[in-house]
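The structure appears right after this line, and notes come after that.
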Amino acid sequence: MTTLSAPPVAPGQSPQLRSRRLPLAASIGIAVAAVAVAAGLVYGTDIGGTALVVALAVLFYLVGLFAASNAVEGRRQARNRIWSALIHSAFVLALLPLVSVVWTLVDKGMDRLDGNFFGTSMNNIAARDPNGGAYHAIIGTLEQVGIATLITVPLGIACAIYIVEYGRGRFAQTIRFFVDVMTGIPSIVAGLFVLAFWILIVSPYFNNGRPGYSGFAASLALSVLMLPTIIRSTEEMLRLVPAPLREGSYALGVPKWKTILRIVLPTALPGIVTGVMLAVARAAGETAPVLLVAGGGAAINFNPFQNNQSSLALYVYQQAGEASRYAPARAWAAALTLVALVLVLTIAAKLLARRNRFGR
């Protein structure tokens, strides 16, 4: 039988309990040297731009870090440092597009964030008129997404409850299959479906025989897009609720429907809210369905059941294609407003979800 023992220690020396470590200053120095070498190579030979400098700097840094760590700490620690550096690099690369988008939106969208932009519409605004705002588009987005949410959330949660708590056999599998198929439906297909069914068949009965575009039709198209997201996210959250919670409720004689309402749903509420807000964010950014079934418009329309109605996403699309030097600023401001609106709604929903009794 063998025993583990520490390496022999020379007389007068204390045993080394810690291995050698690469100093932080060495890692910083390697990073600075990698950037300098990459910049000198790229700009000196004029073979690329900033993206190539970043790519080569990362490559040189990984090579230099491995060599230094291998010489000081050993091969095992060197491999650990390389993989850690790759993970951090992946995180930074994933974060860069988000930071770039947010910075671009704030930089270019702040120019028109004024009272005129939020208080007026594009009605009677000519190409040479610097005024004009997105008030009508903001109203349209709030009404269309709000109606779509009221339609979709109860249906989606009820469908997910059936799949998880009651659904068994082939029928539940069929529902789950079609939900997965609907997740990949393009937005233009949802708009064409509502156009063919609601606009051309149903709406003439309420509009003296003529097809009628409306914000409600856009809400129906957005509901088609939101429904599979809400069902799938809610289904996954319900499956994460521990089974002992249900069993404890059943043991106390609580009916199944009341267990679902009082135990299961409050426990899964934060995740359900996250899924709902993902669906709302997708619906708020859709352009094609609104263009097909709501028609857009330059005037303010508070009635979502009659006449054309615009939205922020459609407003951005229209302003980006306008032959006016003032249109791009309006488009950037509307895009920033849309992102800020979704952010505010998400934060508000998260705060409300944290107030449930299982989260306190």
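Labeling convention for the structure tokens: chains A, B, ... as they appear, residues from 1 per chain, ligands from 1 in order of appearance.
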Could you name the residues that touch region 178-194 of chain A at 8 Å or less, counting only C-alpha atoms, but leaving out those on the same chain fewer than 5 positions away, as a PyMOL selection string?
-> chain A and resi 199+217-218+220-222+224-225+228-229+231-232+286+288-290+292-293
Run DSSP on the backbone and grab whatever in region 240-357 of chain A lands in helix (DSSP H, G or I); send it over as a ChimeraX atom specification.
-> /A:243-251,256-284,288-293,312-320,327-353
Write out as CSV the residues of region 215-318 of chain A that have any atom within 8 Å of an atom of region 130-136 of chain A, one row each with the nearest atom pair and its distance in Å to one decimal, counting only C-alpha atoms, sorted by chain and then rising number.
```
residue,atom,partner,partner_atom,distance
A:Ala298,CA,A:His136,CA,7.2
A:Ala299,CA,A:His136,CA,6.4
A:Ile300,CA,A:His136,CA,4.5
A:Asn301,CA,A:His136,CA,6.7
A:Gln309,CA,A:His136,CA,7.8
A:Ser310,CA,A:His136,CA,6.7
A:Ser311,CA,A:His136,CA,7.5
A:Leu312,CA,A:Ala134,CA,7.3
A:Tyr315,CA,A:Ala134,CA,7.4
```
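If you measure from each of A:Met110, A:Ala243, A:Leu150, A:Ile201 to Ala329 (chain A) using only C-alpha atoms, the closest one turns out to be A:Met110.
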To one decimal in Å, tell me the separation between CA of Leu200 (chain A) and CA of Ala137 (chain A).
->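 About the pair CA of Leu200 (chain A) and CA of Ala137 (chain A): they are 24.5 Å apart.
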Near Ser214 (chain A), counting only C-alpha atoms, which residues have an atom at most 7 Å away, once you skip same-chain residues fewer than 6 positions from it, shown as a list of chain:residue names?
-> A:Val293, A:Ala294, A:Pro304, A:Phe305, A:Gln306, A:Asn307, A:Asn308, A:Gln309
Shell around Val32 (chain A) at 12 Å using only C-alpha atoms, local window under 3 positions removed, as a PyMOL selection string = chain A and resi 25-29+35-39+54+57-58+60-61+64-65
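Take CA of Ile87 (chain A) and CA of Ala55 (chain A): the distance between them is 15.1 Å.
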Residues within 9 Å of Gln319 (chain A), only C-alpha atoms, excluding chain neighbours under 5 positions, as a VMD selection string | chain A and resid 314 324 326 to 331
Nearest candidate to Ala196 (chain A) (options A:Tyr213, A:Ser100, A:Leu269, A:Asn70; using only C-alpha atoms) | A:Tyr213
Please identify every residue of region 122-241 of chain A that has at least one atom no farther than 12 Å from an atom of region 257-265 of chain A, counting only C-alpha atoms, and for each give the shortest atom pair and the distance in Å to one decimal, arranged by chain then increasing number, as a tab-separated table.
```
residue	atom	partner	partner_atom	distance
A:Ile157	CA	A:Leu265	CA	9.4
A:Ala158	CA	A:Ile260	CA	10.9
A:Ala160	CA	A:Leu265	CA	11.0
A:Ile161	CA	A:Ile260	CA	8.3
A:Tyr162	CA	A:Ile260	CA	10.8
A:Val164	CA	A:Ile260	CA	10.7
A:Glu165	CA	A:Ile260	CA	8.4
A:Tyr166	CA	A:Trp257	CA	10.4
A:Thr234	CA	A:Leu265	CA	9.4
A:Glu235	CA	A:Leu265	CA	10.9
A:Met237	CA	A:Leu265	CA	9.1
A:Leu238	CA	A:Val264	CA	6.9
A:Arg239	CA	A:Val264	CA	9.5
A:Leu240	CA	A:Val264	CA	9.6
A:Val241	CA	A:Val264	CA	6.5
```
Put those residues in a file: all heavy atoms, as a compact mmCIF listing (two decimals), in the first residue's frame.
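So part00.txt came out as:
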```txt
# COMPACT_ATOMS: atom_id res chain seq x y z
N ILE A 157 -51.73 30.50 -21.58
CA ILE A 157 -51.56 29.88 -20.26
C ILE A 157 -52.52 28.70 -20.10
O ILE A 157 -52.14 27.64 -19.55
CB ILE A 157 -51.78 30.93 -19.16
CG1 ILE A 157 -50.67 31.98 -19.21
CG2 ILE A 157 -51.82 30.26 -17.79
CD1 ILE A 157 -50.82 33.09 -18.19
N ALA A 158 -53.77 28.83 -20.57
CA ALA A 158 -54.72 27.73 -20.47
C ALA A 158 -54.25 26.52 -21.28
O ALA A 158 -54.37 25.37 -20.83
CB ALA A 158 -56.10 28.18 -20.94
N ALA A 160 -51.12 25.77 -22.06
CA ALA A 160 -49.96 25.18 -21.37
C ALA A 160 -50.40 24.37 -20.16
O ALA A 160 -49.84 23.29 -19.88
CB ALA A 160 -48.99 26.28 -20.97
N ILE A 161 -51.39 24.86 -19.42
CA ILE A 161 -51.90 24.11 -18.26
C ILE A 161 -52.48 22.78 -18.71
O ILE A 161 -52.27 21.74 -18.07
CB ILE A 161 -52.94 24.95 -17.50
CG1 ILE A 161 -52.26 26.13 -16.80
CG2 ILE A 161 -53.69 24.09 -16.49
CD1 ILE A 161 -53.23 27.07 -16.13
N TYR A 162 -53.21 22.79 -19.81
CA TYR A 162 -53.77 21.53 -20.30
C TYR A 162 -52.67 20.55 -20.68
O TYR A 162 -52.73 19.36 -20.35
CB TYR A 162 -54.68 21.79 -21.49
CG TYR A 162 -55.13 20.51 -22.16
CD1 TYR A 162 -56.17 19.76 -21.62
CD2 TYR A 162 -54.51 20.05 -23.31
CE1 TYR A 162 -56.57 18.57 -22.20
CE2 TYR A 162 -54.91 18.86 -23.90
CZ TYR A 162 -55.94 18.12 -23.35
OH TYR A 162 -56.33 16.95 -23.92
N VAL A 164 -49.57 20.32 -19.62
CA VAL A 164 -48.76 19.85 -18.50
C VAL A 164 -49.59 19.09 -17.48
O VAL A 164 -49.17 18.03 -17.00
CB VAL A 164 -48.04 21.04 -17.83
CG1 VAL A 164 -47.26 20.59 -16.61
CG2 VAL A 164 -47.10 21.71 -18.82
N GLU A 165 -50.75 19.61 -17.13
CA GLU A 165 -51.51 19.05 -16.00
C GLU A 165 -52.56 18.03 -16.41
O GLU A 165 -52.87 17.12 -15.63
CB GLU A 165 -52.19 20.20 -15.23
CG GLU A 165 -51.23 21.27 -14.74
CD GLU A 165 -50.31 20.77 -13.64
OE1 GLU A 165 -50.65 19.74 -13.02
OE2 GLU A 165 -49.26 21.39 -13.41
N TYR A 166 -53.14 18.18 -17.59
CA TYR A 166 -54.26 17.31 -17.97
C TYR A 166 -53.99 16.48 -19.23
O TYR A 166 -54.52 15.38 -19.36
CB TYR A 166 -55.52 18.14 -18.22
CG TYR A 166 -56.04 18.85 -16.99
CD1 TYR A 166 -55.70 20.18 -16.74
CD2 TYR A 166 -56.85 18.20 -16.08
CE1 TYR A 166 -56.18 20.84 -15.62
CE2 TYR A 166 -57.33 18.85 -14.95
CZ TYR A 166 -56.99 20.16 -14.72
OH TYR A 166 -57.46 20.81 -13.61
N THR A 234 -44.56 29.03 -20.95
CA THR A 234 -45.38 28.67 -19.79
C THR A 234 -45.31 27.17 -19.51
O THR A 234 -45.24 26.73 -18.35
CB THR A 234 -46.84 29.09 -20.02
OG1 THR A 234 -46.89 30.49 -20.30
CG2 THR A 234 -47.68 28.79 -18.79
N GLU A 235 -45.31 26.37 -20.57
CA GLU A 235 -45.21 24.92 -20.39
C GLU A 235 -43.92 24.54 -19.69
O GLU A 235 -43.92 23.72 -18.75
CB GLU A 235 -45.28 24.23 -21.76
CG GLU A 235 -45.15 22.73 -21.69
CD GLU A 235 -45.05 22.09 -23.06
OE1 GLU A 235 -45.23 22.82 -24.07
OE2 GLU A 235 -44.80 20.87 -23.13
N MET A 237 -42.07 26.42 -17.73
CA MET A 237 -42.08 26.90 -16.35
C MET A 237 -42.96 26.02 -15.46
O MET A 237 -42.63 25.75 -14.30
CB MET A 237 -42.58 28.35 -16.30
CG MET A 237 -41.62 29.35 -16.91
SD MET A 237 -39.99 29.34 -16.10
CE MET A 237 -39.02 28.48 -17.35
N LEU A 238 -44.09 25.56 -15.97
CA LEU A 238 -44.96 24.69 -15.18
C LEU A 238 -44.29 23.35 -14.89
O LEU A 238 -44.49 22.75 -13.82
CB LEU A 238 -46.28 24.47 -15.90
CG LEU A 238 -47.18 25.70 -16.06
CD1 LEU A 238 -48.45 25.33 -16.82
CD2 LEU A 238 -47.54 26.30 -14.71
N ARG A 239 -43.50 22.86 -15.83
CA ARG A 239 -42.81 21.59 -15.61
C ARG A 239 -41.71 21.72 -14.56
O ARG A 239 -41.29 20.70 -13.98
CB ARG A 239 -42.21 21.08 -16.92
CG ARG A 239 -43.26 20.67 -17.95
CD ARG A 239 -42.62 20.03 -19.17
NE ARG A 239 -43.61 19.76 -20.19
CZ ARG A 239 -44.42 18.71 -20.22
NH1 ARG A 239 -44.34 17.81 -19.24
NH2 ARG A 239 -45.28 18.54 -21.20
N LEU A 240 -41.22 22.94 -14.33
CA LEU A 240 -40.17 23.14 -13.33
C LEU A 240 -40.71 23.23 -11.91
O LEU A 240 -39.93 23.22 -10.96
CB LEU A 240 -39.38 24.41 -13.66
CG LEU A 240 -38.51 24.37 -14.92
CD1 LEU A 240 -37.84 25.71 -15.15
CD2 LEU A 240 -37.47 23.27 -14.82
N VAL A 241 -42.02 23.34 -11.75
CA VAL A 241 -42.60 23.40 -10.40
C VAL A 241 -42.42 22.04 -9.73
O VAL A 241 -42.79 21.00 -10.29
CB VAL A 241 -44.10 23.76 -10.47
CG1 VAL A 241 -44.72 23.73 -9.08
CG2 VAL A 241 -44.27 25.14 -11.09
```
